[in-house]
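Data block for entry_15.cif (mmCIF, C-alpha atoms):
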```
data_my_file
loop_
_atom_site.label_atom_id
_atom_site.label_comp_id
_atom_site.auth_asym_id
_atom_site.auth_seq_id
_atom_site.Cartn_x
_atom_site.Cartn_y
_atom_site.Cartn_z
CA MET N 9 43.22 6.14 17.92
CA THR N 10 40.49 3.73 18.80
CA THR N 11 38.85 4.19 22.13
CA THR N 12 37.05 1.36 23.83
CA HIS N 13 33.96 1.77 25.86
CA GLU N 14 33.33 -0.92 28.43
CA LEU N 15 29.84 -2.23 27.95
CA ASN N 16 28.20 -3.52 31.08
CA ALA N 17 26.77 -6.99 31.60
CA GLY N 18 23.29 -5.75 30.73
CA ASP N 19 24.48 -4.44 27.37
CA ARG N 20 26.23 -7.71 26.67
CA ALA N 21 23.10 -9.73 27.46
CA ARG N 22 21.09 -7.42 25.25
CA ILE N 23 23.50 -7.90 22.35
CA LYS N 24 23.41 -11.64 22.84
CA GLY N 25 19.63 -11.63 22.86
CA ILE N 26 19.48 -9.68 19.60
CA ILE N 27 21.95 -12.00 17.87
CA CYS N 28 20.29 -15.20 19.12
CA ASP N 29 16.96 -13.88 17.93
CA ILE N 30 18.32 -13.19 14.44
CA LEU N 31 20.16 -16.51 14.20
CA GLU N 32 17.12 -18.32 15.63
CA ILE N 33 19.14 -20.18 18.23
CA GLU N 34 18.81 -20.57 22.01
CA PRO N 35 21.09 -18.32 24.11
CA GLU N 36 22.66 -21.36 25.81
CA ASP N 37 23.87 -22.60 22.41
CA MET N 38 26.00 -19.50 21.94
CA THR N 39 29.28 -18.98 23.80
CA ASP N 40 31.45 -15.87 23.86
CA THR N 41 33.59 -17.29 21.10
CA SER N 42 31.32 -19.60 19.09
CA ARG N 43 31.39 -18.38 15.49
CA PHE N 44 28.17 -17.18 13.86
CA LYS N 45 28.95 -18.47 10.39
CA GLU N 46 30.78 -21.69 11.16
CA ASP N 47 28.91 -22.72 14.32
CA HIS N 48 25.46 -21.14 13.91
CA GLU N 49 24.88 -21.19 10.15
CA ALA N 50 24.67 -17.42 9.76
CA ASP N 51 24.71 -16.12 6.18
CA SER N 52 25.65 -12.67 4.87
CA MET N 53 22.07 -11.43 5.26
CA GLY N 54 22.18 -12.52 8.90
CA ALA N 55 25.40 -10.57 9.39
CA ILE N 56 23.88 -7.40 7.92
CA GLU N 57 20.81 -7.93 10.05
CA ILE N 58 22.94 -8.19 13.22
CA LEU N 59 24.76 -4.99 12.32
CA SER N 60 21.64 -2.99 11.62
CA GLN N 61 19.75 -4.28 14.65
CA LEU N 62 22.64 -3.25 16.89
CA GLU N 63 22.70 0.18 15.27
CA ARG N 64 19.02 0.51 16.09
CA ALA N 65 19.36 -0.79 19.63
CA PHE N 66 22.33 1.39 20.55
CA GLY N 67 21.42 4.40 18.44
CA THR N 68 24.79 4.38 16.78
CA ASP N 69 26.43 3.76 13.41
CA ILE N 70 28.65 0.78 12.74
CA ASP N 71 30.80 0.74 9.62
CA GLN N 72 30.18 -2.28 7.40
CA ALA N 73 33.94 -2.85 7.36
CA GLU N 74 33.56 -3.93 10.99
CA LEU N 75 31.65 -7.03 9.85
CA SER N 76 34.98 -8.82 9.49
CA ARG N 77 35.47 -8.51 13.26
CA MET N 78 31.88 -9.33 14.17
CA VAL N 79 32.32 -13.07 13.92
CA ASN N 80 31.39 -14.03 17.47
CA LEU N 81 29.87 -12.47 20.58
CA ASP N 82 33.19 -11.18 21.93
CA GLY N 83 33.95 -9.55 18.59
CA VAL N 84 30.55 -7.90 18.40
CA VAL N 85 30.74 -6.58 21.96
CA THR N 86 34.11 -5.01 21.19
CA VAL N 87 32.86 -3.39 17.99
CA VAL N 88 29.70 -2.06 19.61
CA GLY N 89 31.73 -0.73 22.55
CA GLU N 90 33.98 1.17 20.16
CA ALA N 91 31.04 2.52 18.18
CA VAL N 92 29.32 3.76 21.34
CA ALA N 93 32.59 5.31 22.56
CA ALA N 94 33.15 7.02 19.23
CA GLN N 95 29.63 8.32 19.34
CA SER N 96 30.03 9.85 22.82
CA ALA N 97 33.44 11.26 21.88
CA ARG N 98 31.81 13.06 18.96
CA ALA N 99 29.04 14.30 21.21
CA ASN N 100 31.52 15.78 23.70
CA MET U 10 -15.09 -22.17 -24.99
CA PRO U 11 -15.39 -23.76 -21.56
CA SER U 12 -12.11 -24.35 -19.82
CA SER U 13 -10.91 -27.93 -19.58
CA LEU U 14 -9.29 -27.30 -16.23
CA VAL U 15 -10.48 -28.76 -12.97
CA ILE U 16 -9.90 -28.35 -9.28
CA SER U 17 -8.50 -31.54 -7.82
CA ALA U 18 -7.41 -30.41 -4.35
CA TRP U 19 -7.88 -27.43 -2.07
CA SER U 20 -6.47 -26.08 1.15
CA ALA U 21 -8.10 -23.53 3.42
CA ILE U 22 -7.32 -21.53 6.52
CA SER U 23 -10.31 -19.77 8.01
CA PRO U 24 -11.40 -18.27 11.30
CA TYR U 25 -12.73 -21.77 12.01
CA GLY U 26 -9.14 -23.00 12.10
CA VAL U 27 -6.24 -24.20 9.97
CA GLY U 28 -7.20 -26.83 7.42
CA ASN U 29 -10.17 -28.01 5.39
CA ALA U 30 -11.83 -29.98 8.18
CA PRO U 31 -12.46 -26.98 10.48
CA LEU U 32 -14.07 -25.10 7.56
CA ARG U 33 -16.21 -28.11 6.64
CA GLU U 34 -17.34 -28.60 10.24
CA GLY U 35 -17.84 -24.92 11.02
CA LEU U 36 -20.03 -24.47 7.96
CA ALA U 37 -22.01 -27.63 8.62
CA GLU U 38 -22.76 -26.37 12.12
CA GLY U 39 -23.43 -22.84 10.85
CA ARG U 40 -21.16 -21.61 13.62
CA ASP U 41 -20.07 -18.00 14.08
CA ALA U 42 -16.32 -17.50 14.14
CA ILE U 43 -16.61 -13.84 15.09
CA ALA U 44 -15.39 -12.98 18.59
CA ALA U 45 -14.54 -9.99 20.77
CA LEU U 46 -11.16 -8.46 19.98
CA ASP U 47 -8.37 -8.11 22.52
CA HIS U 48 -7.77 -4.38 22.33
CA ASP U 49 -4.38 -4.62 24.04
CA THR U 50 -3.08 -6.61 21.09
CA TYR U 51 -5.19 -4.84 18.49
CA PRO U 52 -5.91 -1.19 19.35
CA VAL U 53 -8.58 -0.80 16.68
CA PRO U 54 -12.02 0.80 16.40
CA PHE U 55 -13.75 -2.55 15.75
CA GLY U 56 -15.12 -4.44 18.76
CA GLN U 57 -15.10 -7.82 17.04
CA ALA U 58 -13.18 -9.75 14.42
CA ALA U 59 -12.87 -13.26 13.01
CA LEU U 60 -9.25 -14.30 13.48
CA VAL U 61 -7.67 -17.64 12.64
CA PRO U 62 -7.44 -19.07 16.16
CA ASP U 63 -3.97 -19.36 17.67
CA PHE U 64 -2.24 -18.79 14.31
CA SER U 65 1.41 -17.85 14.13
CA ALA U 66 4.22 -18.41 11.65
CA ALA U 67 6.29 -20.19 14.31
CA LYS U 68 3.48 -22.61 15.10
CA TYR U 69 2.35 -23.47 11.58
CA VAL U 70 5.34 -22.78 9.33
CA GLY U 71 8.14 -23.61 11.76
CA LYS U 72 10.53 -21.94 14.18
CA LYS U 73 13.39 -21.72 11.71
CA GLY U 74 13.37 -19.01 9.06
CA THR U 75 10.12 -17.41 10.18
CA ARG U 76 11.32 -14.71 12.57
CA THR U 77 10.55 -11.90 10.18
CA MET U 78 7.72 -13.59 8.24
CA ASP U 79 4.55 -11.53 8.57
CA ARG U 80 1.08 -12.90 9.11
CA VAL U 81 -0.29 -12.82 5.57
CA THR U 82 2.87 -14.50 4.29
CA ALA U 83 2.60 -17.19 6.96
CA LEU U 84 -1.07 -17.74 6.08
CA ALA U 85 -0.16 -18.12 2.40
CA VAL U 86 2.83 -20.40 3.05
CA THR U 87 0.67 -22.58 5.31
CA ALA U 88 -2.25 -22.74 2.87
CA VAL U 89 0.04 -23.61 -0.06
CA GLY U 90 1.71 -26.15 2.21
CA GLY U 91 -1.63 -27.90 2.49
CA LEU U 92 -1.53 -28.62 -1.26
CA VAL U 93 2.06 -29.46 -2.06
CA GLY U 94 1.74 -32.93 -0.56
CA ALA U 95 -0.77 -33.79 -3.29
CA ILE U 96 1.75 -32.96 -6.03
CA ALA U 97 4.99 -33.90 -4.26
CA GLY U 98 6.14 -36.15 -7.12
CA GLU U 99 5.44 -33.55 -9.80
CA LEU U 100 7.15 -30.78 -7.79
CA GLN U 101 10.20 -32.97 -7.31
CA ALA U 102 10.50 -33.92 -10.98
CA ARG U 103 9.50 -30.66 -12.74
CA PRO U 104 9.21 -27.81 -10.24
CA GLU U 105 9.18 -25.23 -13.07
CA GLN U 106 5.93 -26.68 -14.43
CA THR U 107 3.86 -25.67 -11.40
CA ALA U 108 2.75 -22.04 -11.29
CA LEU U 109 1.60 -20.11 -8.24
CA VAL U 110 -1.03 -17.38 -8.59
CA LEU U 111 -1.87 -15.71 -5.31
CA GLY U 112 -4.32 -12.94 -4.60
CA THR U 113 -3.72 -10.34 -1.91
CA GLY U 114 -5.12 -7.00 -0.74
CA SER U 115 -2.11 -4.71 -0.65
CA GLY U 116 0.28 -7.26 0.73
CA SER U 117 0.55 -6.59 4.47
CA VAL U 118 -0.37 -2.98 5.15
CA GLN U 119 0.82 -3.61 8.71
CA SER U 120 4.31 -4.51 7.50
CA ILE U 121 4.41 -1.58 5.10
CA MET U 122 3.45 0.91 7.80
CA ASP U 123 5.69 -0.58 10.50
CA PHE U 124 8.72 -0.41 8.25
CA THR U 125 7.97 3.13 7.13
CA LYS U 126 7.41 4.21 10.72
CA ASP U 127 10.77 2.73 11.79
CA SER U 128 12.50 4.69 9.07
CA LEU U 129 10.77 7.95 9.95
CA SER U 130 10.97 7.71 13.73
CA GLY U 131 14.31 5.96 14.28
CA GLU U 132 17.62 7.60 15.12
CA ARG U 133 18.59 7.37 11.44
CA PRO U 134 16.37 6.75 8.39
CA TYR U 135 18.29 3.55 7.70
CA HIS U 136 17.90 2.17 11.21
CA VAL U 137 15.36 -0.36 10.01
CA GLU U 138 15.33 -4.14 10.06
CA PRO U 139 16.52 -5.12 6.58
CA ALA U 140 15.08 -8.62 6.92
CA ARG U 141 11.60 -7.13 7.23
CA PHE U 142 11.89 -5.16 4.02
CA PRO U 143 10.60 -8.01 1.82
CA ASN U 144 7.31 -7.90 3.79
CA THR U 145 6.67 -4.44 2.40
CA VAL U 146 6.19 -5.56 -1.19
CA MET U 147 2.88 -7.01 -2.23
CA ASN U 148 4.26 -10.10 -3.90
CA ARG U 149 6.03 -11.21 -0.71
CA ALA U 150 3.41 -13.87 0.12
CA ALA U 151 3.45 -15.44 -3.35
CA GLY U 152 7.22 -15.28 -3.61
CA GLN U 153 7.89 -16.69 -0.17
CA SER U 154 5.32 -19.46 -0.65
CA ALA U 155 7.11 -20.57 -3.80
CA ILE U 156 10.56 -20.36 -2.22
CA TRP U 157 9.44 -22.23 0.89
CA HIS U 158 7.84 -25.07 -1.07
CA ARG U 159 10.28 -25.07 -4.03
CA ILE U 160 7.68 -24.17 -6.63
CA LYS U 161 9.57 -22.79 -9.61
CA GLY U 162 6.92 -22.04 -12.24
CA PRO U 163 5.48 -18.60 -13.00
CA ASN U 164 4.80 -16.67 -9.79
CA THR U 165 2.07 -14.08 -9.92
CA THR U 166 0.40 -11.76 -7.45
CA VAL U 167 -3.11 -10.54 -8.26
CA ALA U 168 -4.93 -7.77 -6.40
CA GLY U 169 -8.50 -6.76 -7.13
CA GLY U 170 -10.32 -5.91 -3.94
CA ALA U 171 -13.26 -8.14 -3.11
CA LEU U 172 -12.98 -9.95 -6.45
CA THR U 173 -9.34 -10.93 -5.91
CA GLY U 174 -9.95 -14.67 -5.58
CA LEU U 175 -12.01 -14.82 -8.78
CA LEU U 176 -9.53 -12.64 -10.67
CA ALA U 177 -6.69 -14.90 -9.56
CA LEU U 178 -8.62 -17.91 -10.83
CA SER U 179 -9.25 -16.17 -14.14
CA TYR U 180 -5.56 -15.32 -14.42
CA ALA U 181 -4.65 -18.93 -13.66
CA LEU U 182 -6.84 -20.16 -16.53
CA ARG U 183 -5.12 -17.73 -18.93
CA LEU U 184 -1.67 -18.64 -17.68
CA HIS U 185 -2.36 -22.30 -18.35
CA ARG U 186 -4.01 -21.63 -21.70
CA GLY U 187 -0.92 -19.70 -22.75
CA GLY U 188 1.16 -22.80 -22.18
CA HIS U 189 3.23 -21.35 -19.35
CA CYS U 190 2.76 -24.25 -16.96
CA THR U 191 1.27 -27.71 -16.51
CA ARG U 192 -0.71 -26.88 -13.38
CA VAL U 193 -1.44 -23.88 -11.19
CA LEU U 194 -1.75 -23.44 -7.47
CA CYS U 195 -4.18 -20.57 -7.26
CA GLY U 196 -5.85 -18.75 -4.39
CA ALA U 197 -5.81 -15.72 -2.12
CA ALA U 198 -4.79 -14.70 1.40
CA GLU U 199 -5.68 -11.88 3.78
CA GLU U 200 -4.47 -11.08 7.30
CA PHE U 201 -6.14 -9.25 10.16
CA SER U 202 -4.01 -6.41 11.45
CA THR U 203 -4.36 -3.16 13.33
CA GLN U 204 -3.45 -1.12 10.28
CA ARG U 205 -5.87 -2.94 7.99
CA ALA U 206 -8.62 -2.38 10.56
CA TRP U 207 -7.99 1.37 10.65
CA LEU U 208 -7.86 1.62 6.87
CA GLU U 209 -11.11 -0.31 6.55
CA TRP U 210 -12.74 1.79 9.25
CA HIS U 211 -11.89 5.06 7.57
CA GLY U 212 -12.73 3.72 4.11
CA ARG U 213 -16.17 2.50 5.04
CA ALA U 214 -19.47 4.30 5.21
CA GLU U 215 -20.99 4.54 8.69
CA GLU U 216 -23.50 1.72 8.13
CA GLU U 217 -20.82 -0.70 6.89
CA ARG U 218 -18.69 -0.35 10.01
CA ARG U 219 -20.71 -2.97 11.82
CA THR U 220 -19.31 -5.79 9.70
CA PRO U 221 -16.29 -7.22 11.51
CA LEU U 222 -13.10 -8.05 9.63
CA GLY U 223 -12.03 -11.62 9.05
CA GLU U 224 -8.91 -13.25 7.67
CA GLY U 225 -7.77 -16.47 6.06
CA ALA U 226 -6.51 -18.08 2.90
CA ALA U 227 -7.63 -20.63 0.36
CA VAL U 228 -5.59 -22.25 -2.41
CA PHE U 229 -6.67 -24.65 -5.16
CA LEU U 230 -4.87 -27.13 -7.37
CA VAL U 231 -5.91 -26.30 -10.94
CA GLU U 232 -4.95 -28.79 -13.65
CA PRO U 233 -6.30 -30.63 -16.71
CA ALA U 234 -8.80 -33.35 -15.80
CA GLU U 235 -6.71 -36.07 -17.42
CA ASP U 236 -3.65 -35.14 -15.32
CA ALA U 237 -5.72 -35.33 -12.14
CA THR U 238 -7.15 -38.71 -13.10
CA ALA U 239 -3.76 -40.06 -14.16
CA ALA U 240 -2.30 -39.05 -10.80
CA GLY U 241 -5.18 -40.61 -8.88
CA ARG U 242 -6.62 -37.28 -7.69
CA THR U 243 -10.39 -36.91 -7.54
CA VAL U 244 -11.80 -34.23 -9.81
CA LEU U 245 -13.79 -32.05 -7.43
CA ALA U 246 -15.10 -29.51 -9.93
CA ARG U 247 -14.56 -28.44 -13.50
CA ILE U 248 -13.95 -24.71 -13.89
CA ALA U 249 -16.63 -23.83 -16.41
CA GLY U 250 -15.64 -20.18 -16.64
CA THR U 251 -15.18 -16.77 -15.03
CA ARG U 252 -16.62 -13.41 -16.11
CA PHE U 253 -16.30 -9.81 -14.93
CA ARG U 254 -18.28 -6.67 -15.73
CA ALA U 255 -18.29 -3.06 -14.64
CA TYR U 256 -21.10 -0.95 -13.23
CA ARG U 257 -21.33 2.82 -12.94
CA GLU U 258 -23.74 3.43 -10.06
CA PRO U 259 -24.72 1.11 -7.19
CA ASP U 260 -28.15 0.59 -8.72
CA GLY U 261 -26.42 -0.96 -11.71
CA ILE U 262 -25.06 -3.88 -9.69
CA ARG U 263 -28.07 -6.09 -10.25
CA ASP U 264 -28.16 -5.82 -14.04
CA ALA U 265 -24.40 -6.09 -14.39
CA LEU U 266 -24.17 -9.22 -12.28
CA THR U 267 -27.22 -10.87 -13.84
CA ALA U 268 -25.67 -10.37 -17.29
CA CYS U 269 -22.34 -11.61 -15.96
CA VAL U 270 -23.78 -14.85 -14.55
CA ARG U 271 -26.01 -15.50 -17.58
CA SER U 272 -23.18 -15.10 -20.05
CA THR U 273 -20.91 -17.36 -18.02
CA LEU U 274 -23.56 -20.08 -17.87
CA ASP U 275 -24.36 -19.69 -21.59
CA ALA U 276 -20.75 -19.81 -22.69
CA ALA U 277 -20.17 -22.95 -20.66
CA GLY U 278 -23.45 -24.56 -21.71
CA VAL U 279 -24.59 -24.88 -18.09
CA ALA U 280 -28.34 -24.91 -17.40
CA PRO U 281 -29.32 -22.37 -14.71
CA GLY U 282 -31.49 -25.00 -13.05
CA SER U 283 -28.49 -27.23 -12.42
CA VAL U 284 -26.87 -24.80 -9.98
CA ARG U 285 -26.83 -26.55 -6.63
CA PHE U 286 -24.65 -24.17 -4.59
CA VAL U 287 -24.40 -20.38 -4.63
CA ALA U 288 -21.75 -18.58 -2.58
CA PRO U 289 -22.20 -14.80 -2.84
CA LEU U 290 -19.82 -12.24 -1.35
CA GLY U 291 -22.61 -10.54 0.60
CA GLY U 292 -20.73 -7.29 1.15
CA GLY U 293 -22.57 -4.23 2.47
CA GLY U 294 -26.32 -3.88 2.94
CA LYS U 295 -27.62 -2.72 -0.45
CA PRO U 296 -24.93 -4.31 -2.66
CA ALA U 297 -25.53 -7.64 -0.91
CA ALA U 298 -29.26 -7.48 -1.59
CA GLU U 299 -28.59 -6.50 -5.22
CA GLU U 300 -26.14 -9.37 -5.53
CA GLU U 301 -28.63 -11.96 -4.29
CA GLN U 302 -31.37 -10.52 -6.49
CA ALA U 303 -29.07 -10.65 -9.51
CA VAL U 304 -28.28 -14.31 -8.87
CA THR U 305 -31.96 -15.15 -8.42
CA ASP U 306 -32.74 -13.36 -11.71
CA ALA U 307 -30.04 -15.30 -13.50
CA LEU U 308 -31.08 -18.69 -12.17
CA PRO U 309 -34.73 -19.24 -13.02
CA GLY U 310 -35.87 -22.67 -11.95
CA ALA U 311 -32.92 -23.27 -9.65
CA ASP U 312 -33.25 -24.04 -5.97
CA PRO U 313 -29.67 -23.78 -4.79
CA ALA U 314 -28.27 -23.95 -1.30
CA TRP U 315 -26.96 -20.48 -0.39
CA ILE U 316 -23.63 -20.35 1.40
CA ARG U 317 -23.33 -16.99 3.14
CA LEU U 318 -19.81 -17.05 4.47
CA ARG U 319 -19.56 -13.41 5.50
CA GLU U 320 -22.18 -13.83 8.21
CA HIS U 321 -19.91 -16.32 9.97
CA LEU U 322 -16.39 -15.20 9.01
CA GLY U 323 -16.74 -11.45 8.66
CA ASP U 324 -15.22 -9.46 5.81
CA THR U 325 -12.21 -11.43 4.66
CA SER U 326 -11.52 -8.80 1.96
CA ALA U 327 -9.03 -10.09 -0.60
CA ALA U 328 -9.47 -13.70 0.55
CA ALA U 329 -13.27 -13.57 0.44
CA THR U 330 -14.08 -15.01 -2.99
CA ALA U 331 -11.38 -17.69 -2.63
CA LEU U 332 -12.85 -18.72 0.71
CA GLN U 333 -16.31 -18.76 -0.92
CA LEU U 334 -15.05 -21.29 -3.43
CA ALA U 335 -13.47 -23.31 -0.62
CA ALA U 336 -16.83 -23.27 1.14
CA VAL U 337 -18.54 -24.60 -1.99
CA LEU U 338 -16.02 -27.45 -2.19
CA ALA U 339 -16.46 -28.10 1.53
CA ALA U 340 -20.22 -28.32 1.03
CA ALA U 341 -19.89 -30.51 -2.07
CA GLY U 342 -17.96 -33.12 -0.08
CA GLY U 343 -15.02 -35.41 -0.77
CA GLN U 344 -16.29 -36.50 -4.20
CA GLY U 345 -16.87 -32.92 -5.33
CA LEU U 346 -19.74 -31.72 -7.49
CA GLY U 347 -21.79 -34.56 -8.95
CA PRO U 348 -22.58 -35.10 -12.64
CA GLY U 349 -25.09 -32.52 -13.81
CA GLU U 350 -24.49 -30.31 -10.77
CA ALA U 351 -23.11 -26.79 -10.90
CA ALA U 352 -21.97 -24.14 -8.42
CA LEU U 353 -21.74 -20.38 -8.63
CA VAL U 354 -19.44 -17.96 -6.77
CA THR U 355 -20.14 -14.25 -7.10
CA GLY U 356 -18.68 -10.98 -5.89
CA VAL U 357 -19.35 -7.26 -6.00
CA GLU U 358 -16.48 -4.83 -5.60
CA PRO U 359 -17.67 -1.43 -4.34
CA ASP U 360 -15.29 0.31 -6.76
CA GLY U 361 -17.47 -0.75 -9.68
CA GLN U 362 -16.88 -4.33 -10.75
CA VAL U 363 -18.87 -7.52 -10.46
CA GLY U 364 -17.60 -11.01 -11.15
CA CYS U 365 -18.52 -14.66 -11.03
CA ALA U 366 -17.17 -18.14 -11.55
CA VAL U 367 -19.14 -21.22 -12.51
CA PHE U 368 -18.13 -24.77 -11.66
CA THR U 369 -19.63 -28.07 -12.75
CA GLY U 370 -19.38 -31.73 -11.81
CA VAL U 371 -17.86 -34.21 -14.22
#
```
Starting from the file, lay out its structure as structure tokens.
Amino acid sequence: MTTTHELNAGDRARIKGIICDILEIEPEDMTDTSRFKEDHEADSMGAIEILSQLERAFGTDIDQAELSRMVNLDGVVTVVGEAVAAQSARAN
Amino acid sequence: MPSSLVISAWSAISPYGVGNAPLREGLAEGRDAIAALDHDTYPVPFGQAALVPDFSAAKYVGKKGTRTMDRVTALAVTAVGGLVGAIAGELQARPEQTALVLGTGSGSVQSIMDFTKDSLSGERPYHVEPARFPNTVMNRAAGQSAIWHRIKGPNTTVAGGALTGLLALSYALRLHRGGHCTRVLCGAAEEFSTQRAWLEWHGRAEEERRTPLGEGAAVFLVEPAEDATAAGRTVLARIAGTRFRAYREPDGIRDALTACVRSTLDAAGVAPGSVRFVAPLGGGGKPAAEEEQAVTDALPGADPAWIRLREHLGDTSAAATALQLAAVLAAAGGQGLGPGEAALVTGVEPDGQVGCAVFTGV
């Protein structure tokens, strides 16, 4: 069963900052649902970079299979929330 | 046999600023580019350094695609960028015919150490920034410069301490002679960084620690004279030849370099008295004195202008001899060396090599 961990607004802003930095775009150009590849010209290297930067920032592991869901900010926030929840579940 | 290759364009980034004009003006004024270091940004044991003012990848290379580009790579990409305009047509038509030979110290020791530290100190060994990995290999600057400017000929990185710029030039001559390309963009780049400063500090003898570190890059367009003329580019200098020799003890520097310079002049049929400019490396107290004495010994009857770059720009390490050549071209002016004029660039590497390059007017 997948547990979800609600990330707070600060976490969300942090994730957005990391992604905008990698995609070299201004935060106002990215919406919750704008797509990295189609709307912001991300390539596969950019996707890997987003994944690994989030792992670093949140001290967690994200399976590469999750890349298919990490197509926009909402998708990434969900994946990171699950990864953080899984991490704390393991710790408990 | 003297080489038939010439330098028909050059591009420099120095602590005087980005571009050839700041170097030309700084040298003409004899201005010092050495300044106090901001120790918040650079926690290093040196009090002073000669940095390229206000340089960043975002400012000079562009905002897009430069987020993870390190400083030495940005210096190289910018310096090469200063030359590609001169051969835009050739690059468009036959990009594989232009080679790039770039000298470097160890790549960016800052990037290498940062990446390693992330891996060792992070939550997991693989919690590193993958996009910064390319910065950790020493051919990053040469590779990225070629990718950025769509140069598709042979791509070579040369490292040889203080002699790097001269060794790169020598390599470029061989590459061309071997028929691997029509022309070569050849030069060297070095960055200032906290990690380089600490390495230099620990590697130096006490008395050498006073010399501040500098940084910069210089790149030259090397091609046959007839190609330059056909394309309407002014021949600034013919590359008469390069030579290198080894010495065993520091007191052997003088003899080794004198022999080196003499044999280069002889092989190229250049009269010692025709040397109008000399740009020595000037590294360290005793080696610098030996270097100047060796040049004086090798040039009886000459009364050259001495260009002592290190006094103004600090120790630019791997970029030093390339910047010395740039300084010669800056001093020679827009028409380059005149008929019957020659120039000499020399270097002494503390590990036991000396080297020189001789240039003539056409």
Rounded to one decimal in Å, what is the spacing between CA of Leu62 in chain N and CA of Ser96 in chain N? 16.2 Å
Distance in Å - CA of Leu75 in chain N versus CA of Glu63 in chain N: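 Computing the Euclidean distance for CA of Leu75 in chain N and CA of Glu63 in chain N yields 12.7 Å.
Remark: for chain N, the closest of the candidate residues U:Asn29, U:Pro139, U:Ala88, U:Ala18 is U:Pro139 (distances computed over all atoms listed in the file).
Closest approach to chain N from the set U:Pro62, U:Gly282, U:Gly131, U:Gly114 is made by U:Gly131, with distances taken over only C-alpha atoms.
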List the residues selected by the PyMOL selection byres ((chain N) within 9 of (chain U)) in the file shown, writing them as a ChimeraX atom specification. /N:29-33,53-54,56-57,60-61,63-64,67-69
In Å, rounded to a single decimal, give me how far CA of Val287 in chain U is from CA of Asp275 in chain U.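 About the pair CA of Asp275 in chain U and CA of Val287 in chain U: they are 17.0 Å apart.
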Give me the result of the PyMOL selection byres ((chain N and resi 76-86) around 8) on this file, residue by residue, as a PyMOL selection string. chain N and resi 12+15+20+23-24+39-45+73-75+87-90
List the spatial neighbours of Ala311 in chain U as a PDB file with C-alpha atoms, keeping the file's coordinate frame - criterion: any atom at most 10 Å away, only C-alpha atoms, same-chain residues fewer than 5 positions off excluded.
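Resulting contents of out-v8.pdb:
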```pdb
ATOM      1  CA  ALA U 280     -28.340 -24.910 -17.400  1.00  0.00           C
ATOM      2  CA  PRO U 281     -29.320 -22.370 -14.710  1.00  0.00           C
ATOM      3  CA  GLY U 282     -31.490 -25.000 -13.050  1.00  0.00           C
ATOM      4  CA  SER U 283     -28.490 -27.230 -12.420  1.00  0.00           C
ATOM      5  CA  VAL U 284     -26.870 -24.800  -9.980  1.00  0.00           C
ATOM      6  CA  ARG U 285     -26.830 -26.550  -6.630  1.00  0.00           C
ATOM      7  CA  PHE U 286     -24.650 -24.170  -4.590  1.00  0.00           C
ATOM      8  CA  THR U 305     -31.960 -15.150  -8.420  1.00  0.00           C
TER       9      THR U 305
END
```
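Of the residues under consideration (U:Leu129, U:Arg252, U:Val367, U:Gly223), U:Gly223 shows the shortest atom-to-atom contact distance to Ile43 in chain U when counting only C-alpha atoms.
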Find, counting all atoms listed in the file, the residue in U:Ala108, U:Gly116, U:Val93, U:Asn144 that gets nearest to Trp157 in chain U.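 Between U:Ala108, U:Gly116, U:Val93, U:Asn144, the residue approaching Trp157 in chain U most closely is U:Val93.
When all atoms listed in the file are used to measure the gap to Ala21 in chain U, the shortest distance among U:Val61, U:Leu353, U:Val70, U:Ala234 belongs to U:Val61.
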Between U:Ala240, U:Val231, U:Met147, U:Leu338, which has the minimum distance to Cys190 in chain U (counting all atoms listed in the file)?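 Checking each of U:Ala240, U:Val231, U:Met147, U:Leu338 against Cys190 in chain U, counting all atoms listed in the file, the winner is U:Val231.
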Residues in the PyMOL selection byres ((chain U and resi 224-226) around 6), expressed as a PyMOL selection string: chain U and resi 21-23+60+197-201+223+227+325+328
Please provide as a PyMOL selection string all residues within 10 Å of Cys28 in chain N, with the sequence filter that same-chain residues fewer than 5 positions apart are discarded (counting only C-alpha atoms). chain N and resi 22-23+33-38+44+48+58
Create the file for the chosen residues now, containing C-alpha atoms and written as a PDB file, in the coordinates of the input.
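Heads up, here's the output in part_37.pdb:
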```pdb
ATOM      1  CA  ARG N  22      21.090  -7.420  25.250  1.00  0.00           C
ATOM      2  CA  ILE N  23      23.500  -7.900  22.350  1.00  0.00           C
ATOM      3  CA  ILE N  33      19.140 -20.180  18.230  1.00  0.00           C
ATOM      4  CA  GLU N  34      18.810 -20.570  22.010  1.00  0.00           C
ATOM      5  CA  PRO N  35      21.090 -18.320  24.110  1.00  0.00           C
ATOM      6  CA  GLU N  36      22.660 -21.360  25.810  1.00  0.00           C
ATOM      7  CA  ASP N  37      23.870 -22.600  22.410  1.00  0.00           C
ATOM      8  CA  MET N  38      26.000 -19.500  21.940  1.00  0.00           C
ATOM      9  CA  PHE N  44      28.170 -17.180  13.860  1.00  0.00           C
ATOM     10  CA  HIS N  48      25.460 -21.140  13.910  1.00  0.00           C
ATOM     11  CA  ILE N  58      22.940  -8.190  13.220  1.00  0.00           C
TER      12      ILE N  58
END
```
What's the 10 Å shell around Leu172 in chain U, counting only C-alpha atoms, without same-chain residues fewer than 4 positions away, as a PyMOL selection string? chain U and resi 112+168+176-177+253+290+326-331+355-359+362-365
